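K.L.:
Following this line is entry_2.pdb, made up of PDB, C-alpha atoms, pLDDT in the B column:
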MODEL        1
ATOM      1  CA  MET A 175      12.699 -68.976 -13.166  1.00 36.00           C
ATOM      2  CA  GLU A 176      10.215 -68.421 -10.333  1.00 43.00           C
ATOM      3  CA  PRO A 177       7.658 -65.710 -11.222  1.00 42.00           C
ATOM      4  CA  LEU A 178       8.055 -62.468  -9.294  1.00 45.00           C
ATOM      5  CA  TRP A 179       4.551 -62.601  -7.826  1.00 39.00           C
ATOM      6  CA  ARG A 180       5.122 -66.156  -6.561  1.00 47.00           C
ATOM      7  CA  LYS A 181       8.470 -65.199  -5.041  1.00 47.00           C
ATOM      8  CA  ARG A 182       6.877 -62.290  -3.183  1.00 50.00           C
ATOM      9  CA  ALA A 183       4.032 -64.466  -1.971  1.00 45.00           C
ATOM     10  CA  ARG A 184       6.504 -67.035  -0.653  1.00 51.00           C
ATOM     11  CA  ARG A 185       8.541 -64.357   1.129  1.00 51.00           C
ATOM     12  CA  ALA A 186       5.335 -63.006   2.676  1.00 48.00           C
ATOM     13  CA  GLY A 187       4.303 -66.496   3.818  1.00 56.00           C
ATOM     14  CA  LEU A 188       1.081 -66.520   1.785  1.00 49.00           C
ATOM     15  CA  GLY A 189      -0.803 -69.714   0.995  1.00 54.00           C
ATOM     16  CA  SER A 190      -1.454 -70.944  -2.529  1.00 50.00           C
ATOM     17  CA  ALA A 191      -4.871 -69.264  -2.833  1.00 47.00           C
ATOM     18  CA  ALA A 192      -3.569 -65.906  -1.662  1.00 45.00           C
ATOM     19  CA  ALA A 193      -0.551 -66.322  -3.890  1.00 42.00           C
ATOM     20  CA  LEU A 194      -2.809 -66.892  -6.882  1.00 42.00           C
ATOM     21  CA  ILE A 195      -4.741 -63.713  -6.101  1.00 40.00           C
ATOM     22  CA  LEU A 196      -1.479 -61.822  -5.830  1.00 37.00           C
ATOM     23  CA  GLY A 197      -0.456 -63.217  -9.187  1.00 43.00           C
ATOM     24  CA  LEU A 198      -3.667 -61.941 -10.761  1.00 39.00           C
ATOM     25  CA  LEU A 199      -3.270 -58.502  -9.214  1.00 39.00           C
ATOM     26  CA  TRP A 200       0.443 -58.107  -9.841  1.00 41.00           C
ATOM     27  CA  THR A 201       1.332 -56.450 -13.114  1.00 43.00           C
ATOM     28  CA  ALA A 202       4.865 -57.198 -14.211  1.00 48.00           C
ATOM     29  CA  PRO A 203       7.026 -54.342 -15.455  1.00 47.00           C
ATOM     30  CA  SER A 204       7.260 -53.801 -19.176  1.00 47.00           C
ATOM     31  CA  SER A 205      10.158 -55.225 -21.146  1.00 46.00           C
ATOM     32  CA  ALA A 206      11.678 -51.772 -21.755  1.00 65.00           C
ATOM     33  CA  GLU A 207      15.427 -51.943 -21.962  1.00 82.00           C
ATOM     34  CA  VAL A 208      18.195 -49.394 -21.757  1.00 88.00           C
ATOM     35  CA  SER A 209      19.097 -48.001 -25.171  1.00 88.00           C
ATOM     36  CA  PRO A 210      22.204 -49.651 -26.649  1.00 87.00           C
ATOM     37  CA  ARG A 211      24.224 -46.417 -26.541  1.00 85.00           C
ATOM     38  CA  CYS A 212      23.323 -45.922 -22.855  1.00 90.00           C
ATOM     39  CA  ARG A 213      24.192 -49.365 -21.503  1.00 91.00           C
ATOM     40  CA  VAL A 214      26.632 -49.543 -18.596  1.00 94.00           C
ATOM     41  CA  PRO A 215      27.786 -52.327 -16.234  1.00 94.00           C
ATOM     42  CA  ASP A 216      25.030 -53.393 -13.830  1.00 93.00           C
ATOM     43  CA  VAL A 217      27.199 -52.620 -10.812  1.00 94.00           C
ATOM     44  CA  TYR A 218      26.728 -48.884 -11.424  1.00 95.00           C
ATOM     45  CA  LEU A 219      22.958 -49.273 -11.010  1.00 94.00           C
ATOM     46  CA  SER A 220      22.779 -51.899  -8.259  1.00 93.00           C
ATOM     47  CA  MET A 221      20.956 -50.899  -5.075  1.00 93.00           C
ATOM     48  CA  SER A 222      22.278 -52.072  -1.709  1.00 90.00           C
ATOM     49  CA  ALA A 223      18.896 -52.102   0.034  1.00 92.00           C
ATOM     50  CA  ASP A 224      15.247 -52.520  -0.877  1.00 93.00           C
ATOM     51  CA  LEU A 225      13.075 -49.504  -1.631  1.00 96.00           C
ATOM     52  CA  LYS A 226      10.413 -50.916   0.661  1.00 96.00           C
ATOM     53  CA  ARG A 227       7.893 -48.090   0.598  1.00 97.00           C
ATOM     54  CA  THR A 228       8.137 -47.609  -3.157  1.00 98.00           C
ATOM     55  CA  GLU A 229       7.933 -51.349  -3.778  1.00 97.00           C
ATOM     56  CA  ARG A 230       4.808 -51.627  -1.646  1.00 96.00           C
ATOM     57  CA  LEU A 231       3.111 -48.807  -3.569  1.00 97.00           C
ATOM     58  CA  VAL A 232       4.082 -50.303  -6.929  1.00 96.00           C
ATOM     59  CA  ASP A 233       2.738 -53.698  -5.842  1.00 95.00           C
ATOM     60  CA  ARG A 234      -0.596 -52.090  -4.988  1.00 95.00           C
ATOM     61  CA  ALA A 235      -0.692 -49.885  -8.106  1.00 93.00           C
ATOM     62  CA  ARG A 236      -0.734 -46.811  -5.875  1.00 96.00           C
ATOM     63  CA  PRO A 237       0.818 -43.444  -6.834  1.00 97.00           C
ATOM     64  CA  VAL A 238       4.451 -42.860  -5.890  1.00 98.00           C
ATOM     65  CA  ARG A 239       5.373 -39.335  -4.804  1.00 97.00           C
ATOM     66  CA  VAL A 240       8.939 -38.544  -5.880  1.00 96.00           C
ATOM     67  CA  LEU A 241      11.050 -35.711  -4.489  1.00 94.00           C
ATOM     68  CA  VAL A 242      14.071 -34.869  -6.664  1.00 92.00           C
ATOM     69  CA  LEU A 243      16.843 -32.597  -5.454  1.00 90.00           C
ATOM     70  CA  GLY A 244      18.862 -31.131  -8.273  1.00 82.00           C
ATOM     71  CA  PRO A 245      18.518 -30.323 -11.963  1.00 74.00           C
ATOM     72  CA  GLU A 246      16.773 -32.340 -14.642  1.00 70.00           C
ATOM     73  CA  ILE A 247      18.200 -35.866 -14.637  1.00 76.00           C
ATOM     74  CA  GLY A 248      19.347 -36.374 -18.191  1.00 63.00           C
ATOM     75  CA  GLY A 249      20.428 -32.859 -19.105  1.00 59.00           C
ATOM     76  CA  PRO A 250      18.988 -29.331 -19.206  1.00 57.00           C
ATOM     77  CA  SER A 251      15.340 -28.746 -20.060  1.00 57.00           C
ATOM     78  CA  PRO A 252      12.850 -25.855 -19.821  1.00 52.00           C
ATOM     79  CA  PRO A 253      11.434 -25.270 -16.309  1.00 51.00           C
ATOM     80  CA  GLU A 254       7.964 -26.406 -17.374  1.00 49.00           C
ATOM     81  CA  LYS A 255       9.406 -29.758 -18.497  1.00 57.00           C
ATOM     82  CA  ARG A 256      11.519 -30.614 -15.466  1.00 57.00           C
ATOM     83  CA  ARG A 257      11.503 -34.336 -14.663  1.00 78.00           C
ATOM     84  CA  VAL A 258       9.822 -35.158 -17.983  1.00 85.00           C
ATOM     85  CA  ARG A 259      12.542 -37.536 -19.164  1.00 87.00           C
ATOM     86  CA  LEU A 260      12.709 -39.451 -15.903  1.00 92.00           C
ATOM     87  CA  HIS A 261       8.918 -39.588 -15.667  1.00 93.00           C
ATOM     88  CA  GLN A 262       8.714 -41.029 -19.181  1.00 92.00           C
ATOM     89  CA  GLU A 263      11.334 -43.675 -18.475  1.00 93.00           C
ATOM     90  CA  LEU A 264       9.679 -44.771 -15.223  1.00 95.00           C
ATOM     91  CA  SER A 265       6.212 -44.841 -16.778  1.00 95.00           C
ATOM     92  CA  THR A 266       7.464 -46.919 -19.702  1.00 94.00           C
ATOM     93  CA  ARG A 267       8.878 -49.514 -17.332  1.00 95.00           C
ATOM     94  CA  LEU A 268       6.022 -49.467 -14.803  1.00 96.00           C
ATOM     95  CA  PRO A 269       2.960 -48.442 -16.825  1.00 95.00           C
ATOM     96  CA  GLN A 270       0.501 -49.358 -14.045  1.00 93.00           C
ATOM     97  CA  THR A 271       2.140 -46.977 -11.568  1.00 96.00           C
ATOM     98  CA  GLU A 272       1.535 -43.243 -11.445  1.00 96.00           C
ATOM     99  CA  PHE A 273       4.610 -41.208 -10.509  1.00 96.00           C
ATOM    100  CA  GLU A 274       3.951 -37.774  -9.029  1.00 95.00           C
ATOM    101  CA  PHE A 275       6.989 -35.505  -9.162  1.00 92.00           C
ATOM    102  CA  LEU A 276       7.249 -32.743  -6.587  1.00 87.00           C
ATOM    103  CA  ASP A 277       8.745 -29.903  -8.605  1.00 67.00           C
ATOM    104  CA  GLU A 278       8.599 -27.122  -6.042  1.00 60.00           C
ATOM    105  CA  THR A 279      11.878 -28.206  -4.501  1.00 59.00           C
ATOM    106  CA  PRO A 280      15.049 -26.055  -4.567  1.00 60.00           C
ATOM    107  CA  GLN A 281      18.100 -26.739  -6.667  1.00 66.00           C
ATOM    108  CA  SER A 282      20.752 -29.041  -5.242  1.00 63.00           C
ATOM    109  CA  GLY A 283      23.419 -27.244  -3.223  1.00 84.00           C
ATOM    110  CA  LEU A 284      25.775 -28.097  -0.417  1.00 94.00           C
ATOM    111  CA  ALA A 285      24.832 -31.303   1.369  1.00 96.00           C
ATOM    112  CA  GLU A 286      24.151 -29.581   4.680  1.00 95.00           C
ATOM    113  CA  ALA A 287      21.751 -27.115   3.035  1.00 94.00           C
ATOM    114  CA  ASP A 288      20.159 -29.939   1.056  1.00 94.00           C
ATOM    115  CA  PHE A 289      19.488 -31.837   4.278  1.00 95.00           C
ATOM    116  CA  GLY A 290      17.602 -28.828   5.593  1.00 94.00           C
ATOM    117  CA  ASN A 291      15.614 -28.636   2.360  1.00 92.00           C
ATOM    118  CA  ILE A 292      14.847 -32.349   2.595  1.00 94.00           C
ATOM    119  CA  ARG A 293      13.465 -31.971   6.115  1.00 95.00           C
ATOM    120  CA  SER A 294      11.235 -29.096   5.019  1.00 93.00           C
ATOM    121  CA  ALA A 295      10.076 -30.872   1.863  1.00 93.00           C
ATOM    122  CA  VAL A 296       9.266 -34.113   3.684  1.00 95.00           C
ATOM    123  CA  ALA A 297       7.142 -32.212   6.189  1.00 94.00           C
ATOM    124  CA  ARG A 298       5.365 -30.314   3.428  1.00 93.00           C
ATOM    125  CA  PHE A 299       4.959 -32.881   0.632  1.00 93.00           C
ATOM    126  CA  GLU A 300       5.269 -36.294   2.351  1.00 95.00           C
ATOM    127  CA  PRO A 301       7.213 -37.958  -0.497  1.00 97.00           C
ATOM    128  CA  ASP A 302       7.605 -41.710  -0.784  1.00 98.00           C
ATOM    129  CA  LEU A 303      10.933 -41.630  -2.613  1.00 98.00           C
ATOM    130  CA  VAL A 304      13.749 -39.065  -2.494  1.00 97.00           C
ATOM    131  CA  LEU A 305      16.281 -38.872  -5.334  1.00 96.00           C
ATOM    132  CA  TRP A 306      19.196 -36.813  -4.059  1.00 95.00           C
ATOM    133  CA  GLN A 307      21.751 -35.573  -6.583  1.00 93.00           C
ATOM    134  CA  VAL A 308      24.511 -34.820  -4.146  1.00 95.00           C
ATOM    135  CA  GLY A 309      28.174 -33.881  -4.039  1.00 95.00           C
ATOM    136  CA  GLY A 310      28.694 -31.575  -6.995  1.00 92.00           C
ATOM    137  CA  ALA A 311      28.478 -28.320  -5.063  1.00 93.00           C
ATOM    138  CA  ASP A 312      30.513 -29.734  -2.176  1.00 95.00           C
ATOM    139  CA  ALA A 313      33.260 -30.816  -4.573  1.00 93.00           C
ATOM    140  CA  ILE A 314      33.486 -27.356  -6.136  1.00 92.00           C
ATOM    141  CA  ALA A 315      33.375 -25.698  -2.698  1.00 94.00           C
ATOM    142  CA  LEU A 316      36.154 -28.019  -1.470  1.00 93.00           C
ATOM    143  CA  SER A 317      33.982 -29.059   1.473  1.00 95.00           C
ATOM    144  CA  ASP A 318      35.512 -31.213   4.173  1.00 96.00           C
ATOM    145  CA  ALA A 319      34.945 -34.789   3.018  1.00 96.00           C
ATOM    146  CA  GLU A 320      34.469 -36.193   6.527  1.00 97.00           C
ATOM    147  CA  ALA A 321      31.841 -33.605   7.464  1.00 97.00           C
ATOM    148  CA  PHE A 322      30.156 -34.194   4.116  1.00 97.00           C
ATOM    149  CA  GLY A 323      30.058 -37.933   4.796  1.00 97.00           C
ATOM    150  CA  ARG A 324      28.507 -37.402   8.229  1.00 98.00           C
ATOM    151  CA  THR A 325      25.785 -35.249   6.685  1.00 98.00           C
ATOM    152  CA  LEU A 326      24.961 -37.983   4.172  1.00 97.00           C
ATOM    153  CA  PHE A 327      24.758 -40.569   6.926  1.00 98.00           C
ATOM    154  CA  ASP A 328      22.591 -38.362   9.154  1.00 98.00           C
ATOM    155  CA  ALA A 329      20.218 -37.492   6.305  1.00 98.00           C
ATOM    156  CA  ALA A 330      19.832 -41.136   5.316  1.00 97.00           C
ATOM    157  CA  LYS A 331      19.150 -42.119   8.923  1.00 97.00           C
ATOM    158  CA  TRP A 332      16.591 -39.317   9.300  1.00 98.00           C
ATOM    159  CA  LEU A 333      14.712 -40.432   6.177  1.00 98.00           C
ATOM    160  CA  LYS A 334      14.793 -44.087   7.186  1.00 97.00           C
ATOM    161  CA  GLU A 335      13.272 -43.228  10.561  1.00 97.00           C
ATOM    162  CA  ARG A 336      10.365 -41.665   8.663  1.00 97.00           C
ATOM    163  CA  ASN A 337       9.958 -44.590   6.282  1.00 97.00           C
ATOM    164  CA  VAL A 338      10.994 -42.551   3.232  1.00 98.00           C
ATOM    165  CA  ASP A 339      13.045 -44.311   0.551  1.00 98.00           C
ATOM    166  CA  LEU A 340      16.303 -42.671  -0.538  1.00 98.00           C
ATOM    167  CA  VAL A 341      18.428 -43.001  -3.660  1.00 98.00           C
ATOM    168  CA  LEU A 342      21.686 -41.060  -3.865  1.00 97.00           C
ATOM    169  CA  ILE A 343      23.034 -39.952  -7.246  1.00 96.00           C
ATOM    170  CA  ASP A 344      26.669 -38.875  -7.214  1.00 95.00           C
ATOM    171  CA  PRO A 345      28.089 -36.015  -9.355  1.00 92.00           C
ATOM    172  CA  PRO A 346      28.379 -36.277 -13.138  1.00 89.00           C
ATOM    173  CA  PHE A 347      31.639 -37.023 -14.887  1.00 88.00           C
ATOM    174  CA  VAL A 348      32.812 -34.018 -16.899  1.00 80.00           C
ATOM    175  CA  PRO A 349      35.730 -35.069 -19.110  1.00 78.00           C
ATOM    176  CA  ARG A 350      38.701 -32.987 -20.134  1.00 73.00           C
ATOM    177  CA  VAL A 351      38.253 -30.049 -17.775  1.00 71.00           C
ATOM    178  CA  PRO A 352      41.060 -28.833 -15.478  1.00 71.00           C
ATOM    179  CA  HIS A 353      39.039 -29.138 -12.267  1.00 73.00           C
ATOM    180  CA  GLU A 354      37.825 -32.714 -12.830  1.00 75.00           C
ATOM    181  CA  GLN A 355      40.025 -34.135 -10.064  1.00 83.00           C
ATOM    182  CA  ILE A 356      38.316 -32.064  -7.359  1.00 87.00           C
ATOM    183  CA  TYR A 357      35.336 -34.415  -7.667  1.00 90.00           C
ATOM    184  CA  TRP A 358      37.323 -37.514  -6.746  1.00 92.00           C
ATOM    185  CA  ARG A 359      37.344 -36.948  -2.961  1.00 93.00           C
ATOM    186  CA  ILE A 360      33.607 -36.406  -2.773  1.00 95.00           C
ATOM    187  CA  VAL A 361      32.696 -39.209  -5.178  1.00 96.00           C
ATOM    188  CA  GLY A 362      34.896 -41.532  -3.140  1.00 96.00           C
ATOM    189  CA  LYS A 363      33.296 -40.417   0.127  1.00 97.00           C
ATOM    190  CA  ILE A 364      29.779 -40.967  -1.246  1.00 97.00           C
ATOM    191  CA  ARG A 365      30.689 -44.530  -2.193  1.00 97.00           C
ATOM    192  CA  GLU A 366      32.399 -45.133   1.146  1.00 97.00           C
ATOM    193  CA  VAL A 367      29.378 -43.972   3.157  1.00 97.00           C
ATOM    194  CA  SER A 368      26.981 -45.831   0.866  1.00 96.00           C
ATOM    195  CA  ASP A 369      28.899 -49.079   1.257  1.00 96.00           C
ATOM    196  CA  ARG A 370      29.233 -48.735   5.025  1.00 95.00           C
ATOM    197  CA  ALA A 371      25.607 -47.769   5.676  1.00 95.00           C
ATOM    198  CA  ARG A 372      24.097 -49.811   2.811  1.00 95.00           C
ATOM    199  CA  LEU A 373      22.629 -46.753   1.123  1.00 96.00           C
ATOM    200  CA  ASN A 374      21.213 -46.913  -2.371  1.00 97.00           C
ATOM    201  CA  LEU A 375      23.509 -45.194  -4.853  1.00 97.00           C
ATOM    202  CA  VAL A 376      23.309 -44.676  -8.598  1.00 97.00           C
ATOM    203  CA  GLN A 377      26.933 -44.264  -9.647  1.00 96.00           C
ATOM    204  CA  ARG A 378      26.432 -41.509 -12.201  1.00 95.00           C
ATOM    205  CA  TYR A 379      30.104 -40.498 -12.201  1.00 94.00           C
ATOM    206  CA  ALA A 380      31.297 -44.000 -13.081  1.00 95.00           C
ATOM    207  CA  ALA A 381      28.473 -44.559 -15.564  1.00 94.00           C
ATOM    208  CA  MET A 382      29.192 -41.338 -17.452  1.00 91.00           C
ATOM    209  CA  GLN A 383      32.916 -42.056 -17.371  1.00 90.00           C
ATOM    210  CA  PHE A 384      32.219 -45.470 -18.889  1.00 92.00           C
ATOM    211  CA  LEU A 385      29.994 -43.941 -21.585  1.00 89.00           C
ATOM    212  CA  ASP A 386      32.674 -41.374 -22.405  1.00 86.00           C
ATOM    213  CA  PHE A 387      35.223 -44.163 -22.777  1.00 87.00           C
ATOM    214  CA  GLN A 388      32.825 -45.958 -25.119  1.00 83.00           C
ATOM    215  CA  ARG A 389      32.431 -42.771 -27.144  1.00 80.00           C
ATOM    216  CA  GLN A 390      36.188 -42.500 -27.545  1.00 80.00           C
ATOM    217  CA  LYS A 391      36.500 -46.160 -28.470  1.00 79.00           C
ATOM    218  CA  LEU A 392      33.845 -45.763 -31.156  1.00 72.00           C
ATOM    219  CA  LYS A 393      35.466 -42.498 -32.306  1.00 70.00           C
ATOM    220  CA  GLU A 394      32.253 -40.525 -32.026  1.00 66.00           C
ATOM    221  CA  GLU A 395      32.235 -36.758 -32.328  1.00 63.00           C
ATOM    222  CA  PRO A 396      32.963 -34.865 -29.070  1.00 55.00           C
ATOM    223  CA  ALA A 397      29.511 -33.259 -29.257  1.00 47.00           C
ATOM    224  CA  ASP A 398      28.013 -36.677 -28.565  1.00 53.00           C
ATOM    225  CA  ALA A 399      29.552 -36.676 -25.093  1.00 49.00           C
ATOM    226  CA  GLY A 400      27.051 -34.068 -23.924  1.00 52.00           C
ATOM    227  CA  SER A 401      24.158 -35.914 -25.476  1.00 59.00           C
ATOM    228  CA  ARG A 402      25.016 -38.970 -23.404  1.00 60.00           C
ATOM    229  CA  ARG A 403      23.806 -37.110 -20.316  1.00 65.00           C
ATOM    230  CA  VAL A 404      20.337 -37.929 -21.592  1.00 75.00           C
ATOM    231  CA  CYS A 405      21.200 -41.543 -20.785  1.00 89.00           C
ATOM    232  CA  MET A 406      21.003 -40.799 -17.073  1.00 91.00           C
ATOM    233  CA  ALA A 407      17.199 -40.622 -17.108  1.00 91.00           C
ATOM    234  CA  GLU A 408      17.125 -44.144 -18.511  1.00 93.00           C
ATOM    235  CA  LEU A 409      19.756 -45.402 -16.095  1.00 95.00           C
ATOM    236  CA  VAL A 410      18.176 -43.913 -12.965  1.00 96.00           C
ATOM    237  CA  ALA A 411      14.773 -45.288 -13.970  1.00 96.00           C
ATOM    238  CA  GLU A 412      16.305 -48.689 -14.660  1.00 96.00           C
ATOM    239  CA  ALA A 413      17.995 -48.740 -11.247  1.00 96.00           C
ATOM    240  CA  ILE A 414      14.760 -47.849  -9.442  1.00 97.00           C
ATOM    241  CA  VAL A 415      12.683 -50.409 -11.330  1.00 96.00           C
ATOM    242  CA  LYS A 416      15.215 -53.175 -10.729  1.00 94.00           C
ATOM    243  CA  ALA A 417      15.176 -52.388  -7.008  1.00 95.00           C
ATOM    244  CA  VAL A 418      11.386 -52.517  -6.665  1.00 95.00           C
ATOM    245  CA  THR A 419      10.829 -55.608  -8.822  1.00 90.00           C
ATOM    246  CA  ARG A 420      13.628 -57.926  -7.715  1.00 81.00           C
TER
ENDMDL
END
Please render this file's structure as C-alpha cells.
P.N.:
Amino acid sequence: MEPLWRKRARRAGLGSAAALILGLLWTAPSSAEVSPRCRVPDVYLSMSADLKRTERLVDRARPVRVLVLGPEIGGPSPPEKRRVRLHQELSTRLPQTEFEFLDETPQSGLAEADFGNIRSAVARFEPDLVLWQVGGADAIALSDAEAFGRTLFDAAKWLKERNVDLVLIDPPFVPRVPHEQIYWRIVGKIREVSDRARLNLVQRYAAMQFLDFQRQKLKEEPADAGSRRVCMAELVAEAIVKAVTR
C-alpha cells in the first residue's frame, strides 16, 4: 500500500526530494482502534467530503480549534469535564495534534437558533472545525422538515464560504420510548440534505441503533444500553481521523 505521505505528495505534485521531506515531517496517526463493543459498520462514519482545513492543520502539526454544538459527545459529564472523552479519543489517534475545544458555546437547540449561534461563535472564536449535533430539538418540536433541511443547507454553505470544516451529527437513537418515531422525519431529512450537498455526517442514530441491536443479540442487561452512548466519542473521533488521514 502506498504510504500516506507519498500519496499526499503525489496529489500535491511534489518532486521526490520534497516528498521525502514531507515523509520525514509527517507523523502517521496512532494505531488506536474502536473498542470491540463500540464497533459499527464503516458506512455510519464515512465522510462525503474532505475536511480540508483540519487536514492541513494536522499535516503541519498545528492546533485545531473545535467548536461543538450540543452536550458531551458520549454521554453526560460534569460541566468542567465537557468534551473530555472526545478530546482523549482524538489525542490518542493523533498524538502530534493539539485539539482546542471551545466550551463557551450554547447548548444545541433548534437548527435555526443553532445557525445564529454558529455565526456568532465563528466571528468570536474563529474555529477550524464545527461539530454540530443537530435535529433532536427539531424532532421533539415537530419542526417543518423542509424548512429544517433548508437551514442545514444554508448553514453548511455559510461555513464553507468561510473555509470552516463542518461535521453533522444526527440525533441519538433512544430505544423503547413511545416518541421514538418522531425522530424519523428529521433523521431522514439530515441524510437527504447530506447526500445531496455532500455534507459530512456521522450517523449517530444508525450507529446507536446498531449497537442496541448487538446488545439484544448478546443478551446484555438493559443498563448497558445507556453505557453504549460512551461509544460515540470513539466513533466521532474515528470518523474525523479517517477523513483527515485518507
K.L.:
Go through A:Asp312, A:Asp318, A:Glu408, A:Glu246 one by one, measure the shortest atom-to-atom distance of each to A:Glu263 using all atoms listed in the file, and give the residue with the smallest value.
P.N.:
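The shortest atom-to-atom distance to A:Glu263 comes from A:Glu408.
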K.L.:
Which residues, protein or nucleic acid, reach to within 6 Å of (25.6, -32.4, 6.1) in the file's coordinates when using all atoms listed in the file, and can you give that as number ranges by chain?
P.N.:
A: 285-286, 322, 325-326
K.L.:
From the set A:Ile343, A:Val367, A:Ala319, A:Ala287, which residue has the shortest atom-to-atom contact distance to A:Ala381, counting all atoms listed in the file?
P.N.:
A:Ile343
K.L.:
Hey, what's within 7 Å of stretch 368-377 of chain A if we count only C-alpha atoms and toss same-chain stuff fewer than 3 positions away? As a short mmCIF file (atom, residue, chain, number, x, y, z; two decimals) with C-alpha atoms, keeping the file's coordinate frame, please?
P.N.:
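Below is the file that was written, result_18.cif:
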data_model
loop_
_atom_site.label_atom_id
_atom_site.label_comp_id
_atom_site.auth_asym_id
_atom_site.auth_seq_id
_atom_site.Cartn_x
_atom_site.Cartn_y
_atom_site.Cartn_z
CA TYR A 218 26.73 -48.88 -11.42
CA LEU A 219 22.96 -49.27 -11.01
CA MET A 221 20.96 -50.90 -5.08
CA SER A 222 22.28 -52.07 -1.71
CA ALA A 223 18.90 -52.10 0.03
CA LEU A 340 16.30 -42.67 -0.54
CA VAL A 341 18.43 -43.00 -3.66
CA LEU A 342 21.69 -41.06 -3.86
CA ILE A 343 23.03 -39.95 -7.25
CA ASP A 344 26.67 -38.88 -7.21
CA ILE A 364 29.78 -40.97 -1.25
CA ARG A 365 30.69 -44.53 -2.19
CA ALA A 380 31.30 -44.00 -13.08
CA ALA A 381 28.47 -44.56 -15.56
CA VAL A 410 18.18 -43.91 -12.96
#
K.L.:
To one decimal place, how far is atom CA of A:Pro345 from atom CA of A:Met382 in Å?
P.N.:
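Straight-line distance from atom CA of A:Pro345 to atom CA of A:Met382 works out to 9.8 Å.
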K.L.:
Work out how far apart atom CA of A:Val240 and atom CA of A:Phe275 are and give it in Å to one decimal.
P.N.:
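Distance between the two atoms: 4.9 Å.
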K.L.:
Calculated over all atoms listed in the file, which of the candidates A:Val415, A:Ala321, A:Ala407, A:Ala297 has the smallest distance to A:Asp233?
P.N.:
A:Val415
K.L.:
Every residue with an atom at most 6 Å from (31.9, -37.2, -0.8) (file coordinates; all atoms listed in the file) is what I'm after, so could you write them as a PyMOL selection string?
P.N.:
chain A and resi 309+319+323+359-364
K.L.:
Taking into account only C-alpha atoms, which residue in the set A:Gln262, A:Thr271, A:Gln307, A:Thr228 is nearest to A:Asp339?
P.N.:
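Under the stated criterion, the closest residue is A:Thr228.
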K.L.:
Looking at A:Ile247, A:Val238, A:Ile314, A:Val348, which one is nearest to A:Pro301, with distances taken over all atoms listed in the file?
P.N.:
A:Val238
K.L.:
Could you give me, as JSON, numbers by chain, the residues within 12 Å of A:Gly290, counting all atoms listed in the file and dropping anything in the same chain fewer than 5 positions from it?
P.N.:
{"A": [243, 279, 280, 282, 283, 284, 285, 295, 296, 297, 325, 326, 328, 329, 332, 333]}
K.L.:
Identify, on the basis of all atoms listed in the file, every residue whose closest approach to A:Ser265 does not exceed 12 Å; exclude the query and any residue fewer than 2 positions from it along the same chain; express the result as a list of chain:residue names.
P.N.:
A:Pro203, A:Ser204, A:Ser205, A:Ala206, A:Val232, A:Pro237, A:Val238, A:Arg257, A:Val258, A:Arg259, A:Leu260, A:His261, A:Gln262, A:Glu263, A:Arg267, A:Leu268, A:Pro269, A:Gln270, A:Thr271, A:Glu272, A:Phe273, A:Glu274, A:Ala407, A:Glu408, A:Ala411, A:Glu412, A:Ile414, A:Val415
K.L.:
Could you check the closest approach to A:Arg293 for each of A:Met406, A:Leu316, A:Ala330, A:Arg350 and tell me which residue wins, using only C-alpha atoms?
P.N.:
A:Ala330
K.L.:
Check what the PyMOL selection byres ((chain A and resi 210) around 12) selects in the file above and give those residues as a list in words.
P.N.:
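This file, filtered by the PyMOL selection byres ((chain A and resi 210) around 12), leaves Ala206, Glu207, Val208, Ser209, Arg211, Cys212, Arg213, Val214, Leu385, Gln388, Arg402, Cys405, Glu408 and Leu409 of chain A.
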